[in-house]
2 protein chains.
Amino acid sequence: MRVPLWASAATLLIALQPATVAARDTSATRIPDEALAVAPQLREAALASRLGYEITESLTTEVGPRMAGSEADARAVKWAQAKFHELGFDKVWLEPVTFPKWIRRSESGHVLGENAQPLTLTALGGSPGGTVEGEVVRFADLAALEAAPAGSLAGKIAFVDYRMERARDGSGYGPGSRVRSRGPSEAIEAGASGFLMRSAGTDSHRNPHTGITRFDDGLTPIPSAALSVPDAEQLTRLLALRPQQVRMQIDAGWDGEATSHNVIGEITGSSKPGEVVLIGAHLDSWDLGTGAVDDAAGVGITMAAAKLIADLPQRPARTIRVVAFANEEQGLYGGKAYAAAHADALTAHQIAAESDFGAGRVYGYSSSAPAHAAEADRQIAQALAPLGIEHMPGKGGPGPDISPFAAQGLAWARLAQDGTDYFDLHHTPDDTLDKIDPDAVAQNVAAYAVFAYLAASAQGGFGSGPKAAGE
Amino acid sequence: MRVPLWASAATLLIALQPATVAARDTSATRIPDEALAVAPQLREAALASRLGYEITESLTTEVGPRMAGSEADARAVKWAQAKFHELGFDKVWLEPVTFPKWIRRSESGHVLGENAQPLTLTALGGSPGGTVEGEVVRFADLAALEAAPAGSLAGKIAFVDYRMERARDGSGYGPGSRVRSRGPSEAIEAGASGFLMRSAGTDSHRNPHTGITRFDDGLTPIPSAALSVPDAEQLTRLLALRPQQVRMQIDAGWDGEATSHNVIGEITGSSKPGEVVLIGAHLDSWDLGTGAVDDAAGVGITMAAAKLIADLPQRPARTIRVVAFANEEQGLYGGKAYAAAHADALTAHQIAAESDFGAGRVYGYSSSAPAHAAEADRQIAQALAPLGIEHMPGKGGPGPDISPFAAQGLAWARLAQDGTDYFDLHHTPDDTLDKIDPDAVAQNVAAYAVFAYLAASAQGGFGSGPKAAGE
C-alpha cells in the first residue's frame, strides 16, 4: 500500500494496526509542572548519595564474576532479589530465562620454535575446546580475512589484527566486535584450524577481552581466542621476523542448558500502577573480571535511581520497574525472555532505558519519542541539562536488553554514557570496582532518577505500541 | 685505631691499605677540553638515534621473558652475544654464573564459601609449591605481622595488605619489597601455612607483581604469593563482611642449579685500554612479562650508548665495557660473579653505572666521586644538564649488579631515572614493549653515552680501589 507523504506517522500507524491492538495514546504528552518542580530535589539527592556505588560494590564484592548459568549467577539472582527487598521495593519477583550454558576451564597460547614464548589470550565465548598448532597467518582486518580463498588456510591459524578505535560513544566497538562475531566463521570458510584476534579493546594492558562469538550453521567450530593488545602487537612483530608456529590450548565448550532469572523490582505508581516506566541493566557478567563496569554499575545506577524516587514524599503516577536482566552477554537471553513474557503488556510499558555502557558520566539524552511526545521529551532533556547532559534527538538506540522489546514497538530512551575508557576494561580481568568513580555513578543515578520520575509523571504516552508489519 | 678528624679520607685510605694493593690515583681528576667539546655532538647523535629502543625491541620480541636458568635465558645470552658482534664491539665474551634454579609451573587462588570467586595472584620467586586452604588473617603492614604472637596463625593464611607509595625516585619500593622479602618468614614464625601480600606495585590493574623472597634458615618454607592490587582490595572488602577461607594452589619450586652467563662487550680504549668504564644492565627478567622496562631497556640503553661512542671519529682513552648481567632478579648472581671474577682488576675499573630502573627519563646525576674527582664530576654533570639532568651530589647509590663490586671499592655513578610509573609494570605480565617511549630511551642513551665517554676520557681516576676494613 502506498501512502501520501502528508499522512502523519501516527495516522498511518493506526491505520496499519490490527484491530486487536489497543490504540496508542497519541494526545500530546506533557510533564506536569508539579513533577518538574520535584526534579531538582531528586537530582540533588541523587548527587549527594553513594547508594548506586554501594550497590555496585556489594554485587561485585559479594558475588564477583557471575557468568550466565554458573553457580555465581544463581547467587547473583539471590543477591538481586535480596537487594530489592532490602531497598524496600514494593514488589520483587523472578522470571525464568533458559539458555545454552558455556563453560571456560582453561586456556593458553604459546609461540613455538626459536622465539618460543607464552601468549596471553582468552577463549571467545562459544569457542569449542581443543589444542591447535599451526602457522599463523595475519590479516590486517576482517575484510582481508573474508577475501582469503576457501582452503587457503588449511592447517593454519587465522589472526585478525584489527585495531579498535577509541571513541566517547563507543562507535569503535561495532567494527571491533564484528571481528569477534564474524571472524571465526570466515576463518573456517578459508580452512583454518584456529582463530586468533587482537582483542576488541582500546587498552594496552596484558588483559585480553573475551565476548561471545557464533559459528555459522553447517560449520565445524574451531578454537577461537582473543590476544591481549600487547600480545597481538608482539605476535605481529614476531611475524615480521619470520613465519611463526603457535599452539592454542582451549578447554571450554557448551554444556547443556541452564535456567537463570530476570530479577524484577517495582516501585508502584500512585495513580496509574498498571503503566510502567522500565529501567534496567544486566545482572550477568563475563567470568574474567568482577563485572563492575559491565554491568554491576548499571544495576547499581538503576536500583538506586528507583530507590531515590521511592524516597520522595510522593510517588509518581506510574510504576517504576527495575529489571536486572539475565544473560545479556551470550545473546540477550534475558531481554528476549522479557519481551516474550510481557508481549501482551507492551503498550502498558510507557518507555524503557537500560544502563549498560560502564560507569562514565552521562553526556547525552535521546529517545524514540514520536512527535506527540516531543514536548515531554524536551522537558525531560531540560531537567537533565544541569547534569551536563545534552539533548541529542535522533541519536543512538535502545540498550541491548530492551532492544528485543523495542523491536516490537517499545518506546526507549538513551542516557548516553561517556565510553571513552569503557573498552579499556570491557570483558577483561581488569573490569573491577576500583575502576569506578563514585561521583560519576551518582551523576548517572541522578540522570536515571530524573528521567524515570518525569516519564512516570507524564500525562500521555511516549509511543509504545505494537509495530505494524514493515514499520 | 682512632684517627684525628682532620685526617683526609684519602690519606687515611692509603694508610689502611695492604701493601699489595695498588695506590689509588688521587691527583685531581679533570675531563680534557677536547672531550668536553665532543659531548654535545654525541648527545645530539644519541637523541636522534632509535638504536636503544631497537635493541630493547629486539630482546623483548625475539626472546621475550627470560627467567634465570630457563631455556629462554640461554637464548638471551646468545642474543646478547650476537647483538654485541652485530654492533661491532671490539671484544665480546661470556663469563659463567651459577645459581639455584627456580621454576614456576602454575598458580591460582580462590575465595571459598558464600563469596566464592577466583583471586589473581602470582607465586613469589622462591616459593615452594603446595595447596593451602585456610582462614585469611589480614595485617595492614609488615610491622603488624611481626607483632603476631608465635603460633597465633596456626593453620591460617597471613595477608599483608601494605599499600606501596608512588614516587619519582622509587623510594616506596623499599618498604614495599620488604613485605615480600620478610613477610613469608614472619608468617611462618607466627605459624601460618600460607602467605599472601598486596603486590609491591603502584598500579590498579589485574596484574600481580612477582619478585624474589627468602626464607630464614631453619624455617620450613610455605606457599607465598602476591595478589594483584584490585584483588588485594577485593579480599579486604570481603574480610570486612565476614571471615574468609582462601585456597592457594602453587606449583613451583627450586630445581637444582643452572649456569647462565654475564655477556660482556667492549669498545677498546685508544690510549689506556686497560682502564675500564663499565656500564651495564641485567639480561634476565621475570617470567610474567617480556622484561621490557626490567631490564631490556637498560640493555638497550647501555649497548646503544657504547655503540654511539664507537661511532665517533676518535675513541676515548679508556675502554668502555658493557655488561649484560645474568640473574639479577633472584639475588644479584651476575653482579656477585662479576665482582669475584674481576676482583684483581678493581682499581682498573674507573667507574661503573647500571641502568635498571625502567625506561623513564634520567632526571638526576650523582656519583661516589671523592674530593679529588669533584671537578670531573661537576664537568660530567654540566655536560648532562642540557638533557634536563640535575646534579644531585650525595644522592642515591650504585645499581644492583654493580653494588657487590662497589662494596669492595668500585666507584659508581647514578643516572637516576624517573620511576614514577615504574612500579605500575615492574615484575608484572604488563612489563611489555608498548609501555616504552622511544624518545625517553634516546634521552637515556644520550645520558649514558655522555657520561661514559667523558669518564673514559678523564685524566685521573674516580676513586676506585679496595676498601679498607671498616671503610
# chains A, B, ... in the order shown; residues from 1 in each chain; ligands from 1
>>> residues_around(residues="B:Leu142", least_positions_apart="2", cutoff="8 Å", atoms="only C-alpha atoms", output="PyMOL selection string")
chain B and resi 139-140+144-146+160+162+178-179+182-183
>>> write_last_selection(atoms="C-alpha atoms", output="mmCIF file, in the first residue's frame")
data_model
loop_
_atom_site.group_PDB
_atom_site.id
_atom_site.type_symbol
_atom_site.label_atom_id
_atom_site.label_comp_id
_atom_site.auth_asym_id
_atom_site.auth_seq_id
_atom_site.Cartn_x
_atom_site.Cartn_y
_atom_site.Cartn_z
ATOM 1 C CA PHE B 139 47.659 -7.278 58.533
ATOM 2 C CA ALA B 140 47.818 -3.644 57.498
ATOM 3 C CA ALA B 144 51.576 -5.765 62.334
ATOM 4 C CA LEU B 145 52.526 -9.241 61.106
ATOM 5 C CA GLU B 146 55.803 -9.098 63.009
ATOM 6 C CA VAL B 160 49.825 -8.284 54.424
ATOM 7 C CA TYR B 162 50.533 -2.809 52.681
ATOM 8 C CA ARG B 178 60.402 -5.597 52.401
ATOM 9 C CA VAL B 179 56.936 -7.107 52.783
ATOM 10 C CA ARG B 182 60.467 -10.548 55.146
ATOM 11 C CA GLY B 183 56.757 -11.353 55.172
#
>>> select_by_dssp(residues="stretch 271-396 of chain A", states="strand (DSSP E)", output="number ranges by chain")
A: 272-282, 318-325, 349-354, 362-367, 390-391
>>> interface_residues(of="chain B", to="chain A", cutoff="6 Å", atoms="only C-alpha atoms", output="list in words")
Glu62, Val63, Asn115, His205, Arg206 and Asp430 of chain B
>>> write_last_selection(atoms="all heavy atoms", output="mmCIF file, in the first residue's frame")
data_model
loop_
_atom_site.group_PDB
_atom_site.id
_atom_site.type_symbol
_atom_site.label_atom_id
_atom_site.label_comp_id
_atom_site.auth_asym_id
_atom_site.auth_seq_id
_atom_site.Cartn_x
_atom_site.Cartn_y
_atom_site.Cartn_z
ATOM 1 N N GLU B 62 62.243 -11.053 20.319
ATOM 2 C CA GLU B 62 62.826 -12.309 19.830
ATOM 3 C C GLU B 62 62.988 -13.324 20.953
ATOM 4 O O GLU B 62 62.849 -14.522 20.735
ATOM 5 C CB GLU B 62 64.171 -12.036 19.156
ATOM 6 C CG GLU B 62 63.980 -11.223 17.883
ATOM 7 C CD GLU B 62 65.296 -10.694 17.323
ATOM 8 O OE1 GLU B 62 66.277 -11.456 17.284
ATOM 9 O OE2 GLU B 62 65.331 -9.515 16.931
ATOM 10 N N VAL B 63 63.303 -12.843 22.152
ATOM 11 C CA VAL B 63 63.471 -13.761 23.282
ATOM 12 C C VAL B 63 62.237 -13.743 24.181
ATOM 13 O O VAL B 63 61.763 -14.775 24.621
ATOM 14 C CB VAL B 63 64.736 -13.413 24.092
ATOM 15 C CG1 VAL B 63 64.890 -14.377 25.258
ATOM 16 C CG2 VAL B 63 65.967 -13.440 23.190
ATOM 17 N N ASN B 115 31.052 -16.348 49.254
ATOM 18 C CA ASN B 115 31.506 -15.317 48.321
ATOM 19 C C ASN B 115 32.514 -15.901 47.328
ATOM 20 O O ASN B 115 33.416 -15.201 46.859
ATOM 21 C CB ASN B 115 32.143 -14.142 49.069
ATOM 22 C CG ASN B 115 31.230 -13.545 50.110
ATOM 23 O OD1 ASN B 115 31.533 -13.542 51.303
ATOM 24 N ND2 ASN B 115 30.074 -13.060 49.690
ATOM 25 N N HIS B 205 45.837 -2.571 38.185
ATOM 26 C CA HIS B 205 45.443 -3.495 37.131
ATOM 27 C C HIS B 205 45.518 -4.918 37.667
ATOM 28 O O HIS B 205 46.124 -5.176 38.693
ATOM 29 C CB HIS B 205 46.313 -3.311 35.887
ATOM 30 C CG HIS B 205 46.044 -2.004 35.201
ATOM 31 N ND1 HIS B 205 44.868 -1.747 34.540
ATOM 32 C CD2 HIS B 205 46.775 -0.869 35.112
ATOM 33 C CE1 HIS B 205 44.894 -0.518 34.063
ATOM 34 N NE2 HIS B 205 46.039 0.040 34.393
ATOM 35 N N ARG B 206 44.899 -5.814 36.925
ATOM 36 C CA ARG B 206 44.759 -7.194 37.397
ATOM 37 C C ARG B 206 46.014 -7.980 37.047
ATOM 38 O O ARG B 206 45.938 -9.086 36.511
ATOM 39 C CB ARG B 206 43.513 -7.797 36.751
ATOM 40 C CG ARG B 206 42.868 -8.895 37.540
ATOM 41 C CD ARG B 206 41.955 -8.366 38.621
ATOM 42 N NE ARG B 206 41.367 -9.438 39.405
ATOM 43 C CZ ARG B 206 40.273 -10.115 39.066
ATOM 44 N NH1 ARG B 206 39.647 -9.858 37.954
ATOM 45 N NH2 ARG B 206 39.810 -11.059 39.875
ATOM 46 N N ASP B 430 52.458 -7.166 32.614
ATOM 47 C CA ASP B 430 52.285 -5.951 31.824
ATOM 48 C C ASP B 430 53.597 -5.273 31.473
ATOM 49 O O ASP B 430 53.584 -4.211 30.853
ATOM 50 C CB ASP B 430 51.424 -4.991 32.647
ATOM 51 C CG ASP B 430 50.318 -4.374 31.818
ATOM 52 O OD1 ASP B 430 50.196 -4.732 30.631
ATOM 53 O OD2 ASP B 430 49.580 -3.561 32.379
#
>>> residues_around(residues="B:Ala406", least_positions_apart="5", cutoff="12 Å", atoms="only C-alpha atoms", output="ChimeraX atom specification")
/B:278,335-336,338-340,343,346-347,349-354,367-368,397-401,411-413,463-467,471
>>> write_last_selection(atoms="N, CA, C and O atoms", output="compact mmCIF listing (two decimals), in the first residue's frame")
# COMPACT_ATOMS: atom_id res chain seq x y z
N LEU B 278 82.70 0.99 33.13
CA LEU B 278 81.71 -0.08 32.98
C LEU B 278 80.30 0.51 33.00
O LEU B 278 79.95 1.25 33.92
N GLY B 335 76.07 -9.98 39.23
CA GLY B 335 76.88 -8.91 39.82
C GLY B 335 77.92 -9.47 40.79
O GLY B 335 79.08 -9.02 40.82
N LYS B 336 77.51 -10.45 41.56
CA LYS B 336 78.45 -11.06 42.51
C LYS B 336 79.54 -11.83 41.76
O LYS B 336 80.72 -11.77 42.13
N TYR B 338 80.60 -11.25 38.76
CA TYR B 338 81.49 -10.29 38.12
C TYR B 338 82.51 -9.75 39.12
O TYR B 338 83.72 -9.68 38.82
N ALA B 339 82.01 -9.36 40.28
CA ALA B 339 82.90 -8.81 41.32
C ALA B 339 83.97 -9.82 41.71
O ALA B 339 85.15 -9.48 41.90
N ALA B 340 83.58 -11.10 41.81
CA ALA B 340 84.54 -12.14 42.19
C ALA B 340 85.56 -12.37 41.07
O ALA B 340 86.77 -12.47 41.33
N ALA B 343 87.97 -9.20 40.77
CA ALA B 343 88.45 -8.55 41.99
C ALA B 343 89.86 -7.98 41.82
O ALA B 343 90.17 -6.88 42.29
N LEU B 346 89.94 -4.49 40.21
CA LEU B 346 89.04 -3.48 40.78
C LEU B 346 89.52 -2.06 40.46
O LEU B 346 88.76 -1.22 39.98
N THR B 347 90.79 -1.80 40.70
CA THR B 347 91.29 -0.44 40.55
C THR B 347 91.31 0.00 39.08
O THR B 347 91.15 1.18 38.77
N HIS B 349 88.97 -0.68 37.05
CA HIS B 349 87.60 -0.23 36.77
C HIS B 349 87.45 1.19 37.32
O HIS B 349 87.34 1.38 38.53
N GLN B 350 87.47 2.16 36.44
CA GLN B 350 87.46 3.55 36.90
C GLN B 350 86.16 3.93 37.58
O GLN B 350 86.14 4.57 38.63
N ILE B 351 85.07 3.55 36.96
CA ILE B 351 83.75 3.91 37.49
C ILE B 351 82.73 3.06 36.75
O ILE B 351 82.99 2.60 35.63
N ALA B 352 81.57 2.85 37.37
CA ALA B 352 80.55 1.99 36.76
C ALA B 352 79.17 2.59 37.00
O ALA B 352 78.92 3.24 38.02
N ALA B 353 78.27 2.35 36.03
CA ALA B 353 76.88 2.80 36.18
C ALA B 353 75.96 1.76 35.57
O ALA B 353 76.25 1.24 34.48
N GLU B 354 74.88 1.44 36.26
CA GLU B 354 73.93 0.46 35.74
C GLU B 354 72.59 1.12 35.47
O GLU B 354 72.10 1.93 36.26
N SER B 367 77.34 10.61 41.92
CA SER B 367 78.38 9.58 41.87
C SER B 367 79.06 9.49 43.22
O SER B 367 78.82 10.31 44.11
N SER B 368 79.91 8.48 43.32
CA SER B 368 80.67 8.31 44.55
C SER B 368 82.01 9.06 44.50
O SER B 368 82.87 8.84 45.34
N GLY B 397 72.74 5.57 45.19
CA GLY B 397 73.81 4.61 45.35
C GLY B 397 74.00 3.84 44.05
O GLY B 397 73.42 4.19 43.04
N PRO B 398 74.86 2.82 44.08
CA PRO B 398 75.14 2.08 42.85
C PRO B 398 73.95 1.20 42.44
O PRO B 398 73.16 0.81 43.29
N GLY B 399 73.84 0.92 41.16
CA GLY B 399 72.82 -0.02 40.68
C GLY B 399 73.04 -1.40 41.26
O GLY B 399 74.13 -1.72 41.77
N PRO B 400 72.02 -2.27 41.19
CA PRO B 400 72.07 -3.55 41.91
C PRO B 400 73.25 -4.44 41.51
O PRO B 400 73.92 -5.00 42.39
N ASP B 401 73.50 -4.56 40.22
CA ASP B 401 74.53 -5.52 39.80
C ASP B 401 75.95 -5.01 40.02
O ASP B 401 76.89 -5.80 40.03
N ALA B 411 84.16 2.65 42.23
CA ALA B 411 83.46 3.93 42.13
C ALA B 411 82.23 3.76 41.25
O ALA B 411 82.24 2.99 40.29
N TRP B 412 81.17 4.47 41.58
CA TRP B 412 79.92 4.32 40.82
C TRP B 412 79.32 5.67 40.49
O TRP B 412 79.58 6.67 41.17
N ALA B 413 78.54 5.66 39.42
CA ALA B 413 77.72 6.83 39.08
C ALA B 413 76.28 6.38 38.99
O ALA B 413 75.99 5.20 38.73
N GLY B 463 88.28 7.23 42.08
CA GLY B 463 88.33 6.75 43.45
C GLY B 463 88.16 5.26 43.63
O GLY B 463 88.09 4.78 44.75
N SER B 464 88.11 4.49 42.51
CA SER B 464 88.02 3.04 42.68
C SER B 464 89.28 2.49 43.33
O SER B 464 90.40 2.93 43.01
N GLY B 465 89.11 1.53 44.17
CA GLY B 465 90.24 0.87 44.82
C GLY B 465 89.73 0.11 46.02
O GLY B 465 88.66 0.43 46.55
N PRO B 466 90.45 -0.92 46.42
CA PRO B 466 89.97 -1.77 47.52
C PRO B 466 89.65 -0.97 48.77
O PRO B 466 90.41 -0.09 49.15
N LYS B 467 88.50 -1.27 49.33
CA LYS B 467 88.15 -0.63 50.59
C LYS B 467 88.92 -1.25 51.71
O LYS B 467 89.14 -2.46 51.75
N GLU B 471 85.80 0.54 56.10
CA GLU B 471 85.56 1.76 55.34
C GLU B 471 84.12 1.84 54.85
O GLU B 471 83.55 0.83 54.49
>>> closest_residue(among="A:Ala296, A:Met303, A:Ala337, A:Ala317", to="A:Thr56", atoms="only C-alpha atoms")
A:Ala296
>>> closest_residue(among="B:Ala447, B:Ala187, B:Ala232, B:Ala304", to="B:Tyr53", atoms="only C-alpha atoms")
B:Ala304
>>> residues_around(residues="B:Met164", least_positions_apart="3", cutoff="12 Å", atoms="only C-alpha atoms", output="list in words")
Ala140, Asp141, Leu142, Val160, Asp161, Ala167, Gly170, Ser171, Gly172, Tyr173, Gly174, Pro175, Gly176, Ser177, Arg178, Val179, Arg180, Met197, Arg198, Ser199, Ala200, Gly201, Thr202, Asp203, Ser204, His209, Val229, Phe423 and Asp424 of chain B
